[in-house]
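> File start15.csv below, CSV, C-alpha atoms and all ligand atoms:
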```
chain,number,residue,atom,x,y,z
B,1,MET,CA,-65.1,-59.3,75.8
B,2,SER,CA,-63.5,-55.9,76.3
B,3,LEU,CA,-65.7,-52.8,76.9
B,4,PRO,CA,-65.0,-49.8,74.6
B,5,SER,CA,-63.1,-47.2,76.4
B,6,LEU,CA,-65.0,-44.1,77.2
B,7,THR,CA,-62.3,-41.7,75.9
B,8,LEU,CA,-63.7,-39.4,73.3
B,9,PRO,CA,-61.9,-39.6,70.0
B,10,THR,CA,-60.2,-36.5,68.6
B,11,PHE,CA,-59.2,-35.2,65.2
B,12,ASP,CA,-55.8,-37.0,65.5
B,13,ASP,CA,-57.7,-40.3,65.7
B,14,VAL,CA,-59.5,-39.5,62.5
B,15,ALA,CA,-56.2,-38.6,60.8
B,16,ALA,CA,-54.6,-41.8,62.1
B,17,ALA,CA,-57.7,-43.8,60.8
B,18,ALA,CA,-57.2,-42.2,57.4
B,19,HIS,CA,-53.7,-43.5,57.4
B,20,ARG,CA,-54.8,-47.0,58.4
B,21,LEU,CA,-57.5,-47.1,55.7
B,22,LYS,CA,-55.1,-46.1,52.9
B,23,GLY,CA,-55.3,-48.7,50.2
B,24,MET,CA,-58.0,-50.6,52.1
B,25,ALA,CA,-61.0,-48.4,51.8
B,26,HIS,CA,-61.9,-46.8,48.4
B,27,ARG,CA,-61.4,-43.1,48.1
B,28,THR,CA,-65.0,-42.5,47.0
B,29,PRO,CA,-65.7,-39.9,44.4
B,30,VAL,CA,-67.2,-36.5,45.0
B,31,LEU,CA,-70.1,-36.2,42.5
B,32,ARG,CA,-71.6,-33.0,41.1
B,33,SER,CA,-75.1,-32.4,39.8
B,34,THR,CA,-76.2,-29.4,37.7
B,35,SER,CA,-79.8,-30.4,38.4
B,36,ALA,CA,-79.3,-30.2,42.1
B,37,ASP,CA,-77.4,-26.9,41.8
B,38,GLU,CA,-80.1,-25.3,39.7
B,39,MET,CA,-82.9,-26.6,41.9
B,40,LEU,CA,-81.6,-24.9,45.1
B,41,GLY,CA,-79.3,-22.2,43.7
B,42,ALA,CA,-76.3,-23.8,45.5
B,43,GLN,CA,-73.2,-25.7,44.6
B,44,PHE,CA,-73.6,-29.3,45.8
B,45,PHE,CA,-70.7,-31.8,46.4
B,46,PHE,CA,-71.9,-35.4,47.0
B,47,LYS,CA,-69.5,-37.7,48.8
B,48,ALA,CA,-70.6,-41.1,47.4
B,49,GLU,CA,-70.1,-43.6,50.2
B,50,ASN,CA,-72.7,-45.8,48.4
B,51,LEU,CA,-69.7,-46.7,46.3
B,52,GLN,CA,-67.6,-47.7,49.3
B,53,ARG,CA,-66.5,-51.3,49.8
B,54,THR,CA,-69.6,-53.3,51.1
B,55,GLY,CA,-71.8,-50.4,49.9
B,56,ALA,CA,-71.6,-48.1,52.9
B,57,PHE,CA,-69.3,-45.9,54.9
B,58,LYS,CA,-69.4,-48.5,57.8
B,59,PHE,CA,-66.4,-50.3,56.3
B,60,ARG,CA,-64.3,-47.3,57.5
B,61,GLY,CA,-65.1,-47.6,61.2
B,62,ALA,CA,-65.1,-51.4,61.2
B,63,PHE,CA,-61.7,-51.7,59.6
B,64,ASN,CA,-60.2,-48.9,61.7
B,65,THR,CA,-61.3,-50.8,64.8
B,66,LEU,CA,-60.3,-54.3,63.9
B,67,ALA,CA,-56.9,-53.0,62.7
B,68,GLN,CA,-56.1,-51.9,66.2
B,69,PHE,CA,-56.9,-55.3,67.9
B,70,THR,CA,-54.1,-56.9,69.9
B,71,ASP,CA,-52.6,-60.2,68.7
B,72,ASP,CA,-54.7,-62.0,71.2
B,73,GLN,CA,-57.9,-60.2,70.1
B,74,ARG,CA,-57.1,-61.0,66.5
B,75,GLU,CA,-56.6,-64.7,67.2
B,76,ARG,CA,-60.0,-65.0,69.0
B,77,GLY,CA,-61.8,-62.8,66.6
B,78,VAL,CA,-64.6,-60.3,66.4
B,79,LEU,CA,-68.3,-60.5,67.2
B,80,ALA,CA,-71.1,-58.0,66.1
B,81,PHE,CA,-74.8,-58.0,66.2
B,82,SER,CA,-76.4,-56.3,63.1
B,83,ALA,CA,-78.8,-57.0,60.3
B,84,GLY,CA,-77.5,-54.2,58.3
B,85,ASN,CA,-74.4,-52.6,56.9
B,86,HIS,CA,-72.3,-53.0,60.1
B,87,ALA,CA,-72.5,-56.8,59.6
B,88,GLN,CA,-71.0,-56.7,56.2
B,89,ALA,CA,-68.4,-54.1,57.2
B,90,ILE,CA,-67.2,-56.3,60.1
B,91,ALA,CA,-67.2,-59.4,58.0
B,92,LEU,CA,-65.1,-58.0,55.2
B,93,SER,CA,-62.7,-56.2,57.6
B,94,ALA,CA,-62.2,-59.5,59.5
B,95,ARG,CA,-61.4,-61.3,56.3
B,96,LEU,CA,-58.9,-58.7,55.2
B,97,LEU,CA,-57.2,-58.9,58.6
B,98,ASP,CA,-57.5,-62.7,58.7
B,99,MET,CA,-59.4,-63.1,61.9
B,100,PRO,CA,-62.6,-65.1,62.7
B,101,ALA,CA,-65.9,-63.2,62.8
B,102,VAL,CA,-69.3,-64.1,64.2
B,103,ILE,CA,-72.3,-61.9,63.3
B,104,VAL,CA,-75.5,-62.3,65.3
B,105,MET,CA,-78.6,-61.6,63.1
B,106,PRO,CA,-82.3,-62.0,63.5
B,107,GLU,CA,-83.5,-65.3,61.8
B,108,ASP,CA,-85.9,-63.3,59.6
B,109,ALA,CA,-83.2,-60.9,58.3
B,110,PRO,CA,-83.2,-60.5,54.5
B,111,ALA,CA,-81.6,-63.6,52.9
B,112,SER,CA,-79.5,-61.4,50.7
B,113,LYS,CA,-77.9,-59.7,53.7
B,114,MET,CA,-77.2,-63.1,55.4
B,115,ALA,CA,-75.7,-64.5,52.2
B,116,ALA,CA,-73.5,-61.4,51.7
B,117,THR,CA,-72.2,-61.6,55.3
B,118,ARG,CA,-71.4,-65.3,54.8
B,119,GLU,CA,-69.7,-64.6,51.5
B,120,TYR,CA,-67.3,-62.4,53.3
B,121,GLY,CA,-66.4,-65.4,55.4
B,122,ALA,CA,-68.2,-64.6,58.7
B,123,GLN,CA,-70.2,-67.2,60.7
B,124,VAL,CA,-73.8,-66.1,61.0
B,125,VAL,CA,-75.6,-67.0,64.3
B,126,THR,CA,-79.4,-66.4,64.1
B,127,TYR,CA,-81.9,-65.6,66.9
B,128,ASN,CA,-85.6,-65.1,67.2
B,129,ARG,CA,-86.1,-61.3,67.5
B,130,TYR,CA,-89.5,-61.7,69.2
B,131,THR,CA,-88.4,-64.2,71.9
B,132,GLU,CA,-84.7,-63.8,72.3
B,133,ASP,CA,-82.4,-61.0,73.5
B,134,ARG,CA,-79.7,-60.4,71.0
B,135,GLU,CA,-77.4,-58.6,73.4
B,136,ALA,CA,-77.6,-61.4,75.9
B,137,ILE,CA,-76.8,-64.0,73.1
B,138,SER,CA,-73.9,-61.9,71.9
B,139,ARG,CA,-72.5,-61.4,75.3
B,140,GLN,CA,-72.7,-65.1,76.0
B,141,LEU,CA,-71.0,-66.0,72.7
B,142,ALA,CA,-68.3,-63.3,73.3
B,143,LEU,CA,-67.6,-64.7,76.7
B,144,GLU,CA,-67.6,-68.4,75.6
B,145,ARG,CA,-65.2,-67.8,72.7
B,146,GLY,CA,-63.3,-64.8,74.0
B,147,MET,CA,-64.3,-62.7,71.0
B,148,THR,CA,-64.3,-58.9,71.1
B,149,LEU,CA,-67.7,-57.3,70.6
B,150,VAL,CA,-67.6,-54.2,68.2
B,151,PRO,CA,-70.7,-51.9,68.4
B,152,PRO,CA,-71.9,-50.1,65.3
B,153,PHE,CA,-71.4,-46.5,66.5
B,154,ASP,CA,-70.5,-46.0,70.2
B,155,HIS,CA,-66.8,-46.8,70.1
B,156,PRO,CA,-63.9,-44.3,69.7
B,157,HIS,CA,-62.2,-46.2,66.9
B,158,VAL,CA,-65.5,-46.7,65.0
B,159,ILE,CA,-66.3,-42.9,65.2
B,160,ALA,CA,-62.7,-42.0,64.1
B,161,GLY,CA,-63.0,-44.3,61.1
B,162,GLN,CA,-66.3,-42.9,60.0
B,163,GLY,CA,-64.8,-39.4,60.2
B,164,THR,CA,-62.5,-40.2,57.3
B,165,ALA,CA,-65.3,-39.9,54.7
B,166,ALA,CA,-65.8,-36.2,55.6
B,167,LEU,CA,-62.1,-35.7,55.9
B,168,GLU,CA,-61.6,-36.8,52.3
B,169,LEU,CA,-64.5,-34.6,51.2
B,170,LEU,CA,-63.0,-31.6,52.9
B,171,ASP,CA,-59.6,-32.4,51.4
B,172,ASP,CA,-61.2,-32.4,48.0
B,173,VAL,CA,-63.5,-29.4,48.6
B,174,PRO,CA,-61.9,-27.3,51.4
B,175,ASP,CA,-64.3,-24.4,51.5
B,176,LEU,CA,-67.7,-25.9,52.2
B,177,ASP,CA,-70.2,-23.6,53.9
B,178,TYR,CA,-72.5,-26.5,54.9
B,179,LEU,CA,-72.2,-30.3,55.3
B,180,PHE,CA,-75.4,-32.4,55.7
B,181,VAL,CA,-74.9,-35.9,57.3
B,182,CYS,CA,-77.4,-38.6,58.2
B,183,VAL,CA,-77.8,-39.7,61.8
B,184,GLY,CA,-78.7,-43.0,63.3
B,185,GLY,CA,-76.6,-43.6,66.4
B,186,GLY,CA,-74.5,-40.7,65.5
B,187,GLY,CA,-71.1,-42.3,64.7
B,188,LEU,CA,-70.9,-40.9,61.2
B,189,LEU,CA,-72.0,-37.4,62.3
B,190,ALA,CA,-69.6,-37.4,65.3
B,191,GLY,CA,-66.7,-38.4,63.1
B,192,SER,CA,-67.6,-35.8,60.5
B,193,LEU,CA,-67.7,-33.1,63.2
B,194,LEU,CA,-64.2,-34.0,64.4
B,195,ALA,CA,-62.9,-33.7,60.8
B,196,ALA,CA,-64.8,-30.5,60.1
B,197,LYS,CA,-63.8,-28.8,63.4
B,198,ALA,CA,-60.1,-29.3,62.5
B,199,ARG,CA,-60.2,-28.8,58.7
B,200,ALA,CA,-63.1,-26.4,58.0
B,201,PRO,CA,-64.1,-24.7,61.3
B,202,HIS,CA,-66.5,-22.3,59.5
B,203,CYS,CA,-68.4,-25.2,57.8
B,204,LYS,CA,-71.8,-25.6,59.5
B,205,VAL,CA,-72.4,-29.3,60.0
B,206,ILE,CA,-76.1,-30.3,60.2
B,207,GLY,CA,-77.3,-33.8,61.2
B,208,VAL,CA,-80.4,-35.2,59.5
B,209,GLU,CA,-82.7,-37.8,61.2
B,210,PRO,CA,-85.9,-39.5,60.0
B,211,GLU,CA,-88.9,-37.6,61.4
B,212,ALA,CA,-90.2,-40.7,63.2
B,213,GLY,CA,-86.8,-41.2,64.9
B,214,ASP,CA,-85.8,-37.6,65.9
B,215,ASP,CA,-84.4,-38.8,69.3
B,216,GLY,CA,-81.2,-36.9,68.5
B,217,ALA,CA,-82.9,-33.5,68.3
B,218,GLN,CA,-84.9,-34.4,71.4
B,219,SER,CA,-81.7,-35.2,73.2
B,220,LEU,CA,-80.2,-31.9,72.2
B,221,ARG,CA,-83.2,-30.1,73.5
B,222,ALA,CA,-83.3,-32.1,76.8
B,223,GLY,CA,-79.6,-31.8,77.4
B,224,HIS,CA,-79.3,-35.6,77.9
B,225,ILE,CA,-79.7,-38.7,75.8
B,226,VAL,CA,-83.4,-39.4,75.1
B,227,ARG,CA,-84.3,-43.0,74.2
B,228,ILE,CA,-87.3,-43.7,72.0
B,229,PRO,CA,-89.1,-46.9,70.9
B,230,THR,CA,-87.7,-48.3,67.6
B,231,PRO,CA,-89.0,-45.8,65.0
B,232,HIS,CA,-91.1,-46.8,62.0
B,233,THR,CA,-89.3,-45.4,58.9
B,234,ILE,CA,-88.0,-46.6,55.6
B,235,ALA,CA,-84.6,-45.4,56.7
B,236,ASP,CA,-83.6,-48.7,58.2
B,237,GLY,CA,-80.0,-47.7,58.9
B,238,ALA,CA,-81.3,-45.0,61.2
B,239,GLN,CA,-83.8,-47.0,63.2
B,240,THR,CA,-81.7,-46.5,66.3
B,241,GLN,CA,-83.3,-45.7,69.7
B,242,ALA,CA,-80.7,-43.4,71.1
B,243,LEU,CA,-77.4,-41.6,70.5
B,244,GLY,CA,-74.4,-43.1,72.2
B,245,ASP,CA,-72.5,-42.0,75.3
B,246,LEU,CA,-69.6,-41.0,73.1
B,247,THR,CA,-71.5,-39.7,70.0
B,248,PHE,CA,-73.9,-37.5,72.1
B,249,PRO,CA,-71.4,-35.1,73.7
B,250,ILE,CA,-69.5,-34.6,70.3
B,251,ILE,CA,-72.8,-33.8,68.6
B,252,ARG,CA,-74.0,-31.6,71.4
B,253,ASP,CA,-70.8,-29.6,71.4
B,254,HIS,CA,-70.2,-29.2,67.7
B,255,ALA,CA,-73.2,-29.8,65.5
B,256,GLU,CA,-74.9,-26.7,64.1
B,257,SER,CA,-78.3,-28.3,64.4
B,258,LEU,CA,-80.3,-31.6,63.9
B,259,ILE,CA,-83.2,-31.5,61.5
B,260,SER,CA,-85.5,-34.3,60.3
B,261,VAL,CA,-87.2,-35.4,57.1
B,262,ARG,CA,-90.3,-37.5,56.3
B,263,ASP,CA,-90.2,-40.8,54.5
B,264,ASP,CA,-91.9,-39.3,51.4
B,265,GLN,CA,-89.2,-36.8,51.2
B,266,LEU,CA,-86.6,-39.6,51.3
B,267,VAL,CA,-88.4,-41.3,48.4
B,268,GLN,CA,-88.3,-38.1,46.4
B,269,ALA,CA,-84.5,-38.0,47.0
B,270,LEU,CA,-84.1,-41.6,46.0
B,271,ARG,CA,-85.8,-40.8,42.7
B,272,PHE,CA,-83.6,-37.8,42.2
B,273,PHE,CA,-80.5,-39.9,42.7
B,274,ALA,CA,-81.7,-42.6,40.3
B,275,GLU,CA,-83.1,-40.3,37.6
B,276,ARG,CA,-80.7,-37.4,37.6
B,277,MET,CA,-77.4,-38.8,39.0
B,278,LYS,CA,-77.8,-42.4,37.9
B,279,ILE,CA,-76.8,-43.8,41.3
B,280,VAL,CA,-78.5,-46.4,43.6
B,281,VAL,CA,-78.9,-45.0,47.1
B,282,GLU,CA,-80.6,-46.7,50.1
B,283,PRO,CA,-83.3,-44.7,52.0
B,284,THR,CA,-81.0,-43.9,54.9
B,285,GLY,CA,-78.3,-42.8,52.5
B,286,ALA,CA,-80.7,-40.1,51.1
B,287,LEU,CA,-81.2,-38.4,54.5
B,288,GLY,CA,-78.5,-35.8,53.9
B,289,PHE,CA,-79.8,-34.5,50.5
B,290,ALA,CA,-83.4,-34.7,51.6
B,291,GLY,CA,-82.4,-32.7,54.7
B,292,ALA,CA,-80.6,-30.0,52.6
B,293,GLN,CA,-83.8,-29.6,50.6
B,294,VAL,CA,-85.9,-29.2,53.7
B,295,PHE,CA,-83.4,-26.8,55.2
B,296,ALA,CA,-83.3,-24.7,52.0
B,297,GLY,CA,-87.0,-24.2,52.2
B,298,ALA,CA,-87.3,-23.9,55.9
B,299,GLU,CA,-86.9,-20.2,56.2
B,300,GLY,CA,-88.4,-18.0,53.6
B,301,ASN,CA,-88.8,-19.1,50.0
B,302,GLY,CA,-86.4,-22.0,49.5
B,303,LYS,CA,-83.4,-19.6,49.3
B,304,GLN,CA,-81.7,-20.6,52.5
B,305,LEU,CA,-78.8,-22.3,50.6
B,306,HIS,CA,-78.5,-19.8,47.7
B,307,GLY,CA,-74.9,-19.2,46.7
B,308,GLU,CA,-73.6,-21.6,49.3
B,309,ARG,CA,-71.2,-24.5,48.8
B,310,VAL,CA,-72.9,-27.6,50.3
B,311,GLY,CA,-71.5,-31.0,51.0
B,312,ILE,CA,-73.8,-34.0,51.2
B,313,LEU,CA,-72.7,-37.3,52.6
B,314,ILE,CA,-74.5,-40.1,50.8
B,315,SER,CA,-74.0,-42.9,53.4
B,316,GLY,CA,-74.9,-46.1,51.6
B,317,GLY,CA,-76.5,-47.9,48.7
B,318,ASN,CA,-77.6,-51.3,50.0
B,319,VAL,CA,-81.2,-51.8,49.3
B,320,ASP,CA,-83.2,-54.9,48.3
B,321,LEU,CA,-83.9,-54.4,44.6
B,322,GLY,CA,-87.6,-55.3,44.8
B,323,ARG,CA,-88.1,-52.8,47.6
B,324,TYR,CA,-86.1,-50.2,45.7
B,325,ALA,CA,-88.2,-50.7,42.5
B,326,ARG,CA,-91.3,-50.1,44.6
B,327,PHE,CA,-89.9,-46.8,45.9
B,328,LEU,CA,-89.2,-45.7,42.4
B,329,ALA,CA,-92.5,-46.8,41.0
B,330,ASP,CA,-95.0,-45.6,43.7
L,401,LIG,C1,-75.4,-47.0,59.9
L,401,LIG,C2,-75.8,-46.2,58.8
L,401,LIG,C3,-76.2,-44.8,59.0
L,401,LIG,C4,-76.2,-44.2,60.4
L,401,LIG,O1,-75.0,-44.1,60.9
L,401,LIG,P1,-74.7,-43.8,62.5
L,401,LIG,O2,-73.3,-43.8,62.6
L,401,LIG,O3,-75.4,-44.9,63.3
L,401,LIG,O4,-75.4,-42.5,62.8
L,401,LIG,C5,-76.6,-44.1,57.9
L,401,LIG,N1,-76.6,-44.6,56.7
L,401,LIG,C6,-76.3,-45.8,56.4
L,401,LIG,C7,-76.3,-46.3,55.0
L,401,LIG,C8,-75.8,-46.7,57.5
L,401,LIG,O5,-75.5,-47.9,57.2
```
As structure tokens, what does this structure read like?
Ligand SMILES: *Cc1c(COP(=O)(O)O)cnc(C)c1O

Amino acid sequence: MSLPSLTLPTFDDVAAAAHRLKGMAHRTPVLRSTSADEMLGAQFFFKAENLQRTGAFKFRGAFNTLAQFTDDQRERGVLAFSAGNHAQAIALSARLLDMPAVIVMPEDAPASKMAATREYGAQVVTYNRYTEDREAISRQLALERGMTLVPPFDHPHVIAGQGTAALELLDDVPDLDYLFVCVGGGGLLAGSLLAAKARAPHCKVIGVEPEAGDDGAQSLRAGHIVRIPTPHTIADGAQTQALGDLTFPIIRDHAESLISVRDDQLVQALRFFAERMKIVVEPTGALGFAGAQVFAGAEGNGKQLHGERVGILISGGNVDLGRYARFLAD
């Protein structure tokens, strides 16, 4: 198992990732909504990564990382632990690059996620999340089989790959005033910041966390990475406990600010996406738009974004349909 290098990625890495992803990742559309524009008096541009392969932006970072494996790494394959979008992203990337993949998942992970991961051709190894340590299991497996462990956010190639979504958005809409991006471990935000810094230095990039998991904002205030217990929130893609050693300094140096939203505000955003824009978005994927709404009202009378051109990164659309129906019905 090779440890990720601690070199911070740069804009050149994002540009190189975009090149690698050409023809592999979808160039997702930028959606408009008159309802959103009228609601907040701004012009909104939604980058729809819920329509990305595997249903989330994570395919970008996974493919960019696996595509840079050495021949030896390729032959032995990749290992990841995840019950979420990273698992499917690694599984599909491995299949496209013709290498073995093992995904370590809790045995009580949603059956649909396990099935999807297996359908992409990965071997799923399960563990008991209450009695076993997934990191120890993964490390053991990686050692035994010589596989390379790829983490979900704290890796320079993963961060660079995630940055290609914002890069595409800024290529399509170069003069954004704001960009709102959801934050879990900060890979998507860090990559977006690298893209924005080079392509739209005047664009203010704001990270959005679930209120129960605002460890990122706490870390910025403290000046070092703050670790919290696993937060209780419907935004399951952002239930991370801490930013990473690579994502934190990039976010600290370049983000305009980190804000947070409550779960009920996420549900409102899910309904807006379903009813007005006709798109399925998972709770974590709605953080950006919910954050823009909170931000618009934060100072004064909801006019904070008046007249501004605002980019929103919709990060994913993978949600169990029964759960989704309950969010819409409640
Ligand atoms: C992983 C994920 C996030 C969080 O991304 P980080 O790079 O960990 O900050 C947000 N939304 C979705 C849909 C995800 O899968």
> Can you write out as a tab-separated table which residues of chain B fall within 9 Å of ligand LIG 401 (chain L), alongside each residue's closest atom pair and its distance in Å to one decimal, counting only C-alpha atoms and all ligand atoms and ordering rows by chain and ascending residue number?

```
residue	atom	partner	partner_atom	distance
B:Glu49	CA	L:LIG401	C7	8.3
B:Asn50	CA	L:LIG401	C7	7.5
B:Gly55	CA	L:LIG401	C7	7.9
B:Ala56	CA	L:LIG401	C7	5.5
B:Phe57	CA	L:LIG401	O5	6.9
B:Lys58	CA	L:LIG401	O5	6.2
B:Gly84	CA	L:LIG401	O5	6.7
B:Asn85	CA	L:LIG401	O5	4.8
B:His86	CA	L:LIG401	O5	6.7
B:Pro152	CA	L:LIG401	O3	6.6
B:Phe153	CA	L:LIG401	O2	5.1
B:Asp154	CA	L:LIG401	O2	8.4
B:Val158	CA	L:LIG401	O2	8.7
B:Ile159	CA	L:LIG401	O2	7.5
B:Gln162	CA	L:LIG401	O2	7.5
B:Val181	CA	L:LIG401	C5	8.4
B:Cys182	CA	L:LIG401	C5	5.6
B:Val183	CA	L:LIG401	O4	3.8
B:Gly184	CA	L:LIG401	O4	3.4
B:Gly185	CA	L:LIG401	O3	3.6
B:Gly186	CA	L:LIG401	O4	3.4
B:Gly187	CA	L:LIG401	O2	3.4
B:Leu188	CA	L:LIG401	O2	4.0
B:Leu189	CA	L:LIG401	O4	6.1
B:Ala190	CA	L:LIG401	O2	7.9
B:Gly191	CA	L:LIG401	O2	8.5
B:Glu209	CA	L:LIG401	O4	8.8
B:Ala235	CA	L:LIG401	N1	8.0
B:Asp236	CA	L:LIG401	C6	8.1
B:Gly237	CA	L:LIG401	C2	4.5
B:Ala238	CA	L:LIG401	C4	5.2
B:Gln239	CA	L:LIG401	C4	8.6
B:Thr240	CA	L:LIG401	O3	7.2
B:Leu243	CA	L:LIG401	O4	8.0
B:Thr247	CA	L:LIG401	O2	8.6
B:Val281	CA	L:LIG401	C7	8.4
B:Glu282	CA	L:LIG401	C7	6.5
B:Pro283	CA	L:LIG401	C7	7.8
B:Thr284	CA	L:LIG401	N1	4.8
B:Gly285	CA	L:LIG401	C7	4.7
B:Ala286	CA	L:LIG401	N1	8.3
B:Leu287	CA	L:LIG401	N1	8.0
B:Ile314	CA	L:LIG401	C7	7.7
B:Ser315	CA	L:LIG401	C7	4.4
B:Gly316	CA	L:LIG401	C7	3.7
B:Gly317	CA	L:LIG401	C7	6.5
B:Asn318	CA	L:LIG401	C7	7.2
```
> Please measure the separation of atom CA of B:Pro106 and atom CA of B:Ala325, giving the value in Å to one decimal.
24.6 Å
> Pick out the closest residue to B:Val310 from this set: B:Asp214, B:Glu256, B:Asp98, B:Asp175. Count only C-alpha atoms.
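With only C-alpha atoms as the atom set, the closest residue is B:Asp175.
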> Applying 10 Å and all atoms listed in the file, which residues near B:Arg53 remain after dropping the ones on its own chain fewer than 4 positions away? List them as a list in words.
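Once the nearby chain positions are removed, what remains is Met24, Ala25, His26, Arg27, Thr28, Glu49, Phe57, Lys58, Phe59, Arg60, Gln88, Ala89, Leu92 and Ser93 of chain B.
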> Under the rule that all atoms listed in the file are counted, which of B:Ala222, B:Ile250, B:Val30, B:Ala200 is the nearest residue to B:Asp172?
B:Val30
> Write out as an NGL selection string the residues lying within 9 Å of B:Arg262, counting all atoms listed in the file and excluding same-chain residues fewer than 3 positions away.
:B and (210-212 or 233 or 265-267 or 290)
> Select, from B:Gly297, B:Gly311, B:Gly23, B:Gly121, the residue with the minimum atom-to-atom distance to B:Lys204, counting only C-alpha atoms.
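Closest to B:Lys204, using only C-alpha atoms: B:Gly311.
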> Work out how far apart atom CA of B:Pro9 and atom CA of B:Ala160 are and give it in Å to one decimal.
6.4 Å
> Would you mind telling me which residue in B:Leu194, B:Val205, B:Val78, B:Ala91 lies nearest to B:Gly161 when using only C-alpha atoms?
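Using only C-alpha atoms, the shortest distance to B:Gly161 belongs to B:Leu194.
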> Please, what distance in Å, to one decimal, runs between atom CA of B:Leu313 and atom CA of B:Ala115?
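Computed distance, atom CA of B:Leu313 to atom CA of B:Ala115, equals 27.4 Å.
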> Can you work out which one of B:Lys22, B:Ser35, B:Gly77, B:Phe11 has the shortest atom-to-atom distance to B:Ala166, counting all atoms listed in the file?
B:Phe11
> Of the candidates B:Leu246, B:Ala195, B:Val173, B:Leu179, which one gets nearest to B:Leu258 if we count only C-alpha atoms?
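The shortest atom-to-atom distance to B:Leu258 comes from B:Leu179.
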> Please provide as a list of chain:residue names all residues within 7 Å of stretch 18-20 of chain B, with the sequence filter that same-chain residues fewer than 2 positions apart are discarded (counting all atoms listed in the file).
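Once the adjacent positions are removed, what remains is B:Val14, B:Ala15, B:Ala16, B:Lys22, B:Asn64, B:Thr164.
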> Got a minute to add N, CA, C and O atoms to stretch 259-270 of chain B and dump it as an mmCIF file, keeping the file's coordinate frame?

```
data_model
loop_
_atom_site.group_PDB
_atom_site.id
_atom_site.type_symbol
_atom_site.label_atom_id
_atom_site.label_comp_id
_atom_site.auth_asym_id
_atom_site.auth_seq_id
_atom_site.Cartn_x
_atom_site.Cartn_y
_atom_site.Cartn_z
ATOM 1 N N ILE B 259 -81.867 -31.722 62.101
ATOM 2 C CA ILE B 259 -83.200 -31.500 61.500
ATOM 3 C C ILE B 259 -83.712 -32.901 61.107
ATOM 4 O O ILE B 259 -82.991 -33.901 61.181
ATOM 5 N N SER B 260 -84.986 -32.955 60.681
ATOM 6 C CA SER B 260 -85.500 -34.300 60.300
ATOM 7 C C SER B 260 -86.327 -34.168 59.011
ATOM 8 O O SER B 260 -86.784 -33.093 58.618
ATOM 9 N N VAL B 261 -86.448 -35.319 58.351
ATOM 10 C CA VAL B 261 -87.200 -35.400 57.100
ATOM 11 C C VAL B 261 -88.194 -36.546 57.143
ATOM 12 O O VAL B 261 -87.985 -37.535 57.843
ATOM 13 N N ARG B 262 -89.274 -36.408 56.367
ATOM 14 C CA ARG B 262 -90.300 -37.500 56.300
ATOM 15 C C ARG B 262 -89.901 -38.521 55.283
ATOM 16 O O ARG B 262 -89.117 -38.254 54.367
ATOM 17 N N ASP B 263 -90.529 -39.701 55.417
ATOM 18 C CA ASP B 263 -90.200 -40.800 54.500
ATOM 19 C C ASP B 263 -90.531 -40.429 53.040
ATOM 20 O O ASP B 263 -89.802 -40.818 52.127
ATOM 21 N N ASP B 264 -91.621 -39.677 52.808
ATOM 22 C CA ASP B 264 -91.900 -39.300 51.400
ATOM 23 C C ASP B 264 -90.879 -38.412 50.813
ATOM 24 O O ASP B 264 -90.629 -38.436 49.605
ATOM 25 N N GLN B 265 -90.249 -37.618 51.655
ATOM 26 C CA GLN B 265 -89.200 -36.800 51.200
ATOM 27 C C GLN B 265 -87.919 -37.592 50.830
ATOM 28 O O GLN B 265 -87.175 -37.279 49.899
ATOM 29 N N LEU B 266 -87.724 -38.682 51.587
ATOM 30 C CA LEU B 266 -86.600 -39.600 51.300
ATOM 31 C C LEU B 266 -86.866 -40.284 49.920
ATOM 32 O O LEU B 266 -85.948 -40.449 49.115
ATOM 33 N N VAL B 267 -88.109 -40.678 49.681
ATOM 34 C CA VAL B 267 -88.400 -41.300 48.400
ATOM 35 C C VAL B 267 -88.167 -40.379 47.247
ATOM 36 O O VAL B 267 -87.596 -40.766 46.221
ATOM 37 N N GLN B 268 -88.545 -39.115 47.410
ATOM 38 C CA GLN B 268 -88.300 -38.100 46.400
ATOM 39 C C GLN B 268 -86.757 -38.028 46.098
ATOM 40 O O GLN B 268 -86.327 -37.933 44.956
ATOM 41 N N ALA B 269 -85.982 -38.053 47.163
ATOM 42 C CA ALA B 269 -84.500 -38.000 47.000
ATOM 43 C C ALA B 269 -83.971 -39.212 46.303
ATOM 44 O O ALA B 269 -83.087 -39.111 45.452
ATOM 45 N N LEU B 270 -84.505 -40.401 46.647
ATOM 46 C CA LEU B 270 -84.100 -41.600 46.000
ATOM 47 C C LEU B 270 -84.308 -41.532 44.474
ATOM 48 O O LEU B 270 -83.478 -41.925 43.647
#
```
